[in-house]
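What follows is model05.txt (compact mmCIF, C-alpha atoms).
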```
# COMPACT_ATOMS: atom_id res chain seq x y z
CA MET A 1 2.70 10.33 -32.53
CA SER A 2 -0.61 11.87 -33.54
CA HIS A 3 -4.19 11.44 -32.45
CA LYS A 4 -7.73 12.55 -33.06
CA ASN A 5 -10.55 12.75 -30.55
CA CYS A 6 -13.89 10.99 -30.97
CA SER A 7 -16.58 10.27 -28.37
CA TYR A 8 -17.96 6.80 -27.68
CA GLU A 9 -20.05 5.17 -25.00
CA LEU A 10 -18.27 2.26 -23.40
CA PRO A 11 -19.94 -1.04 -24.34
CA VAL A 12 -19.72 -4.19 -22.27
CA ALA A 13 -16.37 -5.59 -23.41
CA GLU A 14 -16.33 -9.32 -23.88
CA GLY A 15 -13.70 -11.20 -21.90
CA ASP A 16 -10.71 -12.77 -23.54
CA GLY A 17 -11.20 -16.11 -21.82
CA ASN A 18 -8.35 -15.52 -19.36
CA SER A 19 -9.76 -13.18 -16.77
CA GLY A 20 -12.67 -15.25 -15.47
CA GLY A 21 -15.27 -13.71 -13.18
CA SER A 22 -14.68 -10.31 -11.65
CA ARG A 23 -15.18 -9.31 -8.08
CA ASP A 24 -16.35 -5.93 -9.41
CA GLU A 25 -18.91 -7.26 -11.91
CA GLU A 26 -21.84 -6.34 -9.67
CA CYS A 27 -20.53 -2.77 -9.48
CA LEU A 28 -20.06 -2.59 -13.25
CA ASN A 29 -23.59 -3.85 -13.92
CA SER A 30 -25.33 -1.84 -11.23
CA GLU A 31 -27.63 1.07 -12.00
CA GLU A 32 -25.31 3.38 -10.06
CA TYR A 33 -22.38 2.76 -12.40
CA GLN A 34 -22.62 5.01 -15.44
CA ARG A 35 -20.33 4.01 -18.28
CA PRO A 36 -18.02 6.88 -19.21
CA VAL A 37 -17.79 8.57 -22.57
CA LEU A 38 -14.55 7.49 -24.22
CA THR A 39 -12.04 9.27 -26.41
CA LYS A 40 -10.23 7.32 -29.10
CA GLU A 41 -6.60 8.13 -29.83
CA THR A 42 -4.54 6.68 -32.66
CA PHE A 43 -0.80 6.13 -32.27
CA HIS A 44 1.60 5.08 -34.99
CA VAL A 45 3.97 2.37 -33.81
CA ALA A 46 6.46 0.61 -36.07
CA GLY A 47 4.34 1.18 -39.15
CA LYS A 48 1.13 0.08 -37.42
CA ASP A 49 -1.75 2.00 -35.91
CA VAL A 50 -2.52 1.45 -32.24
CA TYR A 51 -6.05 2.41 -31.21
CA ILE A 52 -6.49 3.44 -27.58
CA PHE A 53 -9.78 4.28 -25.92
CA THR A 54 -9.48 6.39 -22.76
CA ALA A 55 -11.93 7.89 -20.29
CA PRO A 56 -11.87 10.94 -18.02
CA LYS A 57 -9.84 10.56 -14.83
CA PHE A 58 -12.90 11.40 -12.74
CA ASP A 59 -15.72 8.87 -12.75
CA GLY A 60 -18.87 10.96 -12.93
CA GLY A 61 -21.08 7.99 -12.14
CA GLY A 62 -22.46 7.04 -8.76
CA SER A 63 -19.03 6.17 -7.34
CA GLY A 64 -17.58 9.65 -7.87
CA THR A 65 -14.08 8.17 -7.78
CA PHE A 66 -10.83 9.41 -9.31
CA LEU A 67 -9.50 6.72 -11.63
CA THR A 68 -6.12 7.75 -13.00
CA GLY A 69 -5.85 4.46 -14.87
CA GLN A 70 -8.60 5.36 -17.30
CA SER A 71 -6.40 8.01 -18.95
CA LEU A 72 -3.07 8.10 -20.78
CA TRP A 73 -0.13 9.78 -19.08
CA PRO A 74 3.05 11.11 -20.70
CA SER A 75 5.28 8.36 -19.34
CA ALA A 76 3.16 5.71 -21.11
CA LYS A 77 3.72 7.45 -24.45
CA VAL A 78 7.45 7.71 -23.79
CA LEU A 79 7.83 4.07 -22.74
CA ALA A 80 5.81 2.90 -25.76
CA LEU A 81 8.08 4.93 -28.03
CA TYR A 82 11.18 3.54 -26.32
CA LEU A 83 9.99 -0.02 -26.95
CA THR A 84 9.48 0.72 -30.64
CA LEU A 85 12.99 2.19 -30.89
CA PHE A 86 14.51 -0.79 -29.08
CA ALA A 87 12.13 -3.50 -30.27
CA GLU A 88 14.63 -6.29 -29.61
CA THR A 89 13.95 -5.72 -25.90
CA VAL A 90 10.48 -7.14 -26.52
CA LYS A 91 11.30 -9.63 -29.26
CA SER A 92 14.01 -11.37 -27.23
CA ALA A 93 11.81 -11.78 -24.14
CA CYS A 94 10.01 -15.07 -23.58
CA GLY A 95 7.24 -13.28 -21.68
CA VAL A 96 6.22 -9.65 -21.20
CA LEU A 97 4.17 -8.32 -18.29
CA GLU A 98 2.69 -4.84 -18.02
CA LEU A 99 1.90 -3.70 -14.48
CA GLY A 100 -0.71 -1.02 -13.80
CA SER A 101 -1.57 -0.88 -17.47
CA GLY A 102 -4.35 1.66 -17.52
CA PRO A 103 -5.77 1.68 -21.07
CA GLY A 104 -2.84 -0.51 -22.14
CA LEU A 105 -0.83 1.55 -24.64
CA VAL A 106 2.54 0.16 -23.52
CA GLY A 107 1.39 -3.47 -23.35
CA LEU A 108 -0.36 -3.25 -26.70
CA THR A 109 2.75 -1.70 -28.24
CA ALA A 110 4.77 -4.63 -26.90
CA ALA A 111 2.22 -7.09 -28.29
CA LEU A 112 2.42 -5.52 -31.75
CA LEU A 113 6.22 -5.71 -31.64
CA ALA A 114 6.37 -9.28 -30.30
CA ASP A 115 6.75 -12.34 -32.47
CA ASN A 116 3.77 -13.78 -30.59
CA PRO A 117 1.32 -11.28 -29.03
CA ALA A 118 0.06 -13.96 -26.64
CA LYS A 119 3.31 -13.78 -24.68
CA VAL A 120 2.23 -10.34 -23.42
CA VAL A 121 0.05 -10.12 -20.30
CA ILE A 122 -1.53 -6.74 -19.52
CA THR A 123 -2.63 -6.20 -15.91
CA ASP A 124 -4.27 -3.67 -13.62
CA HIS A 125 -5.90 -3.85 -10.20
CA GLU A 126 -9.04 -1.88 -11.07
CA GLU A 127 -11.79 -3.73 -12.93
CA ARG A 128 -13.31 -0.59 -14.42
CA VAL A 129 -9.92 0.17 -15.97
CA LEU A 130 -9.50 -3.40 -17.22
CA GLU A 131 -12.83 -3.14 -19.00
CA ILE A 132 -11.33 -0.37 -21.15
CA THR A 133 -8.12 -2.38 -21.55
CA ARG A 134 -10.06 -5.36 -22.88
CA MET A 135 -11.85 -3.08 -25.31
CA ASN A 136 -8.49 -1.83 -26.57
CA ILE A 137 -7.22 -5.38 -27.05
CA ILE A 138 -10.27 -6.15 -29.17
CA ALA A 139 -9.81 -2.90 -31.13
CA ASN A 140 -6.21 -3.78 -32.01
CA PHE A 141 -6.55 -7.56 -32.40
CA PRO A 142 -10.09 -7.88 -33.82
CA SER A 143 -9.68 -11.20 -35.61
CA GLN A 144 -6.14 -12.43 -34.99
CA PRO A 145 -5.85 -15.91 -33.49
CA GLU A 146 -3.11 -14.70 -31.15
CA PHE A 147 -3.57 -11.63 -28.95
CA PRO A 148 -2.29 -10.30 -25.61
CA ARG A 149 -3.91 -11.57 -22.47
CA CYS A 150 -5.53 -9.36 -19.85
CA ALA A 151 -5.65 -10.14 -16.13
CA HIS A 152 -6.39 -8.68 -12.72
CA LEU A 153 -3.30 -8.22 -10.56
CA ASN A 154 -3.26 -6.39 -7.25
CA TRP A 155 0.26 -5.98 -5.87
CA GLY A 156 0.63 -7.63 -2.50
CA GLU A 157 -2.61 -9.62 -2.76
CA ASN A 158 -2.99 -12.17 -5.58
CA VAL A 159 0.63 -12.24 -6.75
CA GLU A 160 1.27 -15.90 -5.86
CA GLU A 161 -1.94 -17.00 -7.58
CA PHE A 162 -0.94 -14.95 -10.61
CA LEU A 163 2.51 -16.58 -10.60
CA LYS A 164 0.99 -20.07 -10.64
CA GLN A 165 -1.22 -19.19 -13.61
CA TYR A 166 1.16 -17.11 -15.75
CA GLY A 167 4.68 -17.89 -14.54
CA ARG A 168 7.60 -15.44 -14.60
CA PHE A 169 8.53 -12.89 -17.25
CA ASP A 170 11.75 -11.87 -18.96
CA LEU A 171 10.47 -8.30 -19.34
CA ILE A 172 8.24 -6.35 -16.97
CA ILE A 173 7.08 -2.87 -17.96
CA GLY A 174 5.28 -0.11 -16.10
CA SER A 175 4.54 3.56 -16.69
CA ASP A 176 3.49 6.12 -14.09
CA ILE A 177 2.70 3.43 -11.56
CA VAL A 178 4.68 5.04 -8.71
CA TYR A 179 2.88 8.03 -7.29
CA ARG A 180 1.98 6.84 -3.79
CA GLU A 181 4.65 6.06 -1.23
CA ASP A 182 2.83 3.05 0.24
CA SER A 183 2.53 1.30 -3.13
CA ILE A 184 6.23 1.38 -4.01
CA PRO A 185 7.38 -1.50 -1.74
CA LEU A 186 4.46 -3.62 -3.00
CA LEU A 187 5.46 -2.88 -6.59
CA PHE A 188 9.04 -4.02 -6.14
CA LYS A 189 8.04 -7.11 -4.16
CA THR A 190 5.76 -8.00 -7.07
CA VAL A 191 8.57 -7.47 -9.55
CA GLN A 192 10.91 -9.53 -7.40
CA THR A 193 8.42 -12.41 -7.49
CA LEU A 194 7.45 -12.26 -11.17
CA LEU A 195 10.74 -11.32 -12.87
CA SER A 196 12.55 -14.24 -14.46
CA PRO A 197 15.88 -15.19 -12.81
CA LYS A 198 17.69 -14.85 -16.14
CA ASP A 199 20.56 -12.36 -16.22
CA SER A 200 18.99 -10.70 -19.25
CA SER A 201 15.61 -10.16 -17.57
CA SER A 202 14.66 -6.56 -16.84
CA PHE A 203 12.03 -4.23 -15.43
CA LEU A 204 11.47 -0.96 -17.32
CA LEU A 205 9.85 1.78 -15.25
CA ALA A 206 8.86 5.21 -16.56
CA TYR A 207 7.46 7.80 -14.18
CA ASP A 208 7.11 11.48 -13.38
CA THR A 209 9.34 12.42 -10.45
CA ARG A 210 6.68 14.80 -9.04
CA GLY A 211 9.20 17.12 -7.48
CA GLY A 212 11.81 14.42 -6.91
CA TRP A 213 10.44 12.93 -3.70
CA LEU A 214 9.70 9.58 -5.39
CA ASP A 215 13.28 8.90 -6.44
CA GLY A 216 14.55 8.02 -2.98
CA HIS A 217 11.72 5.56 -2.36
CA VAL A 218 12.22 3.91 -5.74
CA HIS A 219 15.94 3.51 -5.07
CA GLN A 220 15.43 2.16 -1.54
CA HIS A 221 12.84 -0.48 -2.40
CA SER A 222 14.51 -1.61 -5.62
CA GLU A 223 17.68 -2.20 -3.61
CA GLN A 224 15.73 -4.21 -1.03
CA ALA A 225 14.27 -6.28 -3.87
CA GLY A 226 17.77 -7.19 -5.05
CA LEU A 227 17.65 -5.10 -8.22
CA THR A 228 20.34 -3.00 -9.89
CA ARG A 229 19.23 0.31 -11.39
CA GLU A 230 20.30 1.88 -14.66
CA ASP A 231 19.12 5.38 -15.65
CA ILE A 232 18.23 5.68 -19.34
CA ALA A 233 18.97 9.21 -20.52
CA LEU A 234 15.93 10.19 -22.57
CA ALA A 235 17.63 13.43 -23.58
CA ASP A 236 20.19 11.35 -25.48
CA ILE A 237 17.46 9.66 -27.54
CA PRO A 238 16.32 12.23 -30.14
CA ALA A 239 12.85 10.76 -30.72
CA CYS A 240 12.12 10.60 -26.96
CA ARG A 241 13.42 14.11 -26.45
CA GLN A 242 11.22 15.37 -29.28
CA LEU A 243 8.16 13.58 -27.90
CA LEU A 244 8.66 15.03 -24.42
CA GLY A 245 8.95 18.50 -25.90
CA SER A 246 5.73 18.07 -27.88
CA ILE A 247 3.49 16.95 -25.00
CA GLN A 248 1.43 19.80 -23.58
CA TRP A 249 1.63 19.53 -19.81
CA ASP A 250 1.50 21.73 -16.74
CA TYR A 251 5.31 21.87 -16.62
CA PRO A 252 8.26 20.88 -18.86
CA LEU A 253 8.66 17.11 -18.84
CA ASN A 254 12.23 16.84 -20.10
CA GLU A 255 13.70 17.01 -16.61
CA LYS A 256 10.78 15.48 -14.72
CA LEU A 257 10.30 12.13 -16.40
CA ARG A 258 12.50 9.17 -15.54
CA LEU A 259 13.06 5.95 -17.45
CA LEU A 260 14.83 3.32 -15.36
CA LYS A 261 15.95 -0.20 -16.17
CA PHE A 262 16.24 -2.70 -13.32
CA THR A 263 17.98 -6.06 -13.49
CA ARG A 264 18.69 -8.66 -10.85
CA LYS A 265 21.93 -8.18 -8.96
CA ALA A 266 24.65 -10.60 -9.94
CA ARG A 267 24.89 -13.58 -7.64
CA ARG A 268 28.10 -13.91 -5.68
```

Do you think you could lay out the structure here as structure tokens?
Amino acid sequence: MSHKNCSYELPVAEGDGNSGGSRDEECLNSEEYQRPVLTKETFHVAGKDVYIFTAPKFDGGGSGTFLTGQSLWPSAKVLALYLTLFAETVKSACGVLELGSGPGLVGLTAALLADNPAKVVITDHEERVLEITRMNIIANFPSQPEFPRCAHLNWGENVEEFLKQYGRFDLIIGSDIVYREDSIPLLFKTVQTLLSPKDSSSFLLAYDTRGGWLDGHVHQHSEQAGLTREDIALADIPACRQLLGSIQWDYPLNEKLRLLKFTRKARR
């Protein structure tokens, strides 16, 4: 994967017709909200270019908030690469859901791999992040009649409404979405609700262990959600191992990044 950096001012991204009105629209249009300067990165996925706009983690506008979802994290790059290497995971799924998408690299990768991009739904709980996600959908599907959908989803809040509108999914994907202890049970309850009951359905989760304290919580709450866990050894996948070694980070990622596959426990 390679990229180049360019600066852009974030325009008002037009909706895709699926998200409807936003509860944060007043904030986005207020004088206090200053649109961030974006960096464009280009990734090469299965012979295609994926264009991703990202913003600084810290919102320098009036809110002064720390928005991790505006940036790309290593686990997103690894999960996107994994999907390209095992594209049948996406192609065989009747529906694909990305949770906590951030800029949407993983969901957009899935959409480019899918036979029908519209079967992919990319979600986040933060409207300022989704504005960048929508921009990235437009950048990668500028004129195609079929494109991935984008929606607001806040774990533990509008899950049932989301289920009524979009249904369940054969494949759920998420990268670096477990970093707070209190969000982990909400994540797995959401997965439990939205994952298809098919035996072949799965939830792929990539995350940084952050010292290892997250692993126990992930195991506990996935068990409570009725899911079986399988550890995918990234070190045994040459391309993933090479990618992890090439990412400049504060510490070596080879032993810190997990990729887990969850499936529903067999019924007795």

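Atom CA of Asp199 of chain A is found 16.6 Å from atom CA of Ile173 of chain A.
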
Quick one: everything within 6 Å of Leu97 of chain A, counting only C-alpha atoms, minus sequence neighbours fewer than 2 positions away in the same chain. Send it as a short mmCIF file (atom, residue, chain, number, x, y, z; two decimals) with C-alpha atoms, keeping the file's coordinate frame.
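File part-v2.cif, as written:
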```
data_model
loop_
_atom_site.label_atom_id
_atom_site.label_comp_id
_atom_site.auth_asym_id
_atom_site.auth_seq_id
_atom_site.Cartn_x
_atom_site.Cartn_y
_atom_site.Cartn_z
CA VAL A 120 2.23 -10.34 -23.42
CA VAL A 121 0.05 -10.12 -20.30
CA ILE A 172 8.24 -6.35 -16.97
#
```

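The list of residues with at least one atom within 6 Å of segment 162-170 of chain A, based on all atoms listed in the file and without residues fewer than 3 positions apart in the same chain, reads Ala93, Cys94, Gly95, Val96, Val159, Leu194, Leu195, Ser196 and Ser201 of chain A.
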
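Between atom CA of Leu260 of chain A and atom CA of Leu227 of chain A there is a distance of 11.4 Å.
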
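Residues with at least one atom no more than 10 Å from (7.9, 17.5, -13.2), using all atoms listed in the file, are Tyr207, Asp208, Thr209, Arg210, Gly211, Gly212, Trp249, Asp250, Tyr251, Pro252, Leu253, Asn254, Glu255, Lys256, Leu257 and Arg258 of chain A.
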
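Distance-wise, atom CA of Lys91 of chain A and atom CA of Arg241 of chain A end up 24.0 Å apart.
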
**Message:** For Tyr82 of chain A, find every residue with an atom within 12 Å (counting all atoms listed in the file), except residues of its own chain fewer than 5 positions away, and show them as a ChimeraX atom specification.
**Reply:** /A:45-46,75-77,87-90,106,109-110,113,173,175,204-206,232-234,236-241,243-244,259-261

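Take the candidates A:Val218, A:Cys150, A:Leu112, A:Ile184 and check each one against Met135 of chain A using only C-alpha atoms; the shortest distance goes to A:Cys150.
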
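The shortest atom-to-atom distance to Asn136 of chain A, with all atoms listed in the file taken into account, belongs to A:Thr42 out of A:Ser183, A:Gln192, A:Gln224, A:Thr42.
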
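Considering the residues A:Phe86, A:Phe141, A:Phe262, A:Phe188 and counting all atoms listed in the file, Lys48 of chain A has its shortest atom-to-atom contact with A:Phe141.
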
Report the centre and edge lengths, in Å to one decimal, of an axis-aligned box enclosing every atom of segment 172-183 of chain A listed in the file, padded by 8 Å on each side, as lines of an AutoDock Vina configuration file.
```
center_x = 5.1
center_y = 0.8
center_z = -8.9
size_x = 22.3
size_y = 30.4
size_z = 34.2
```
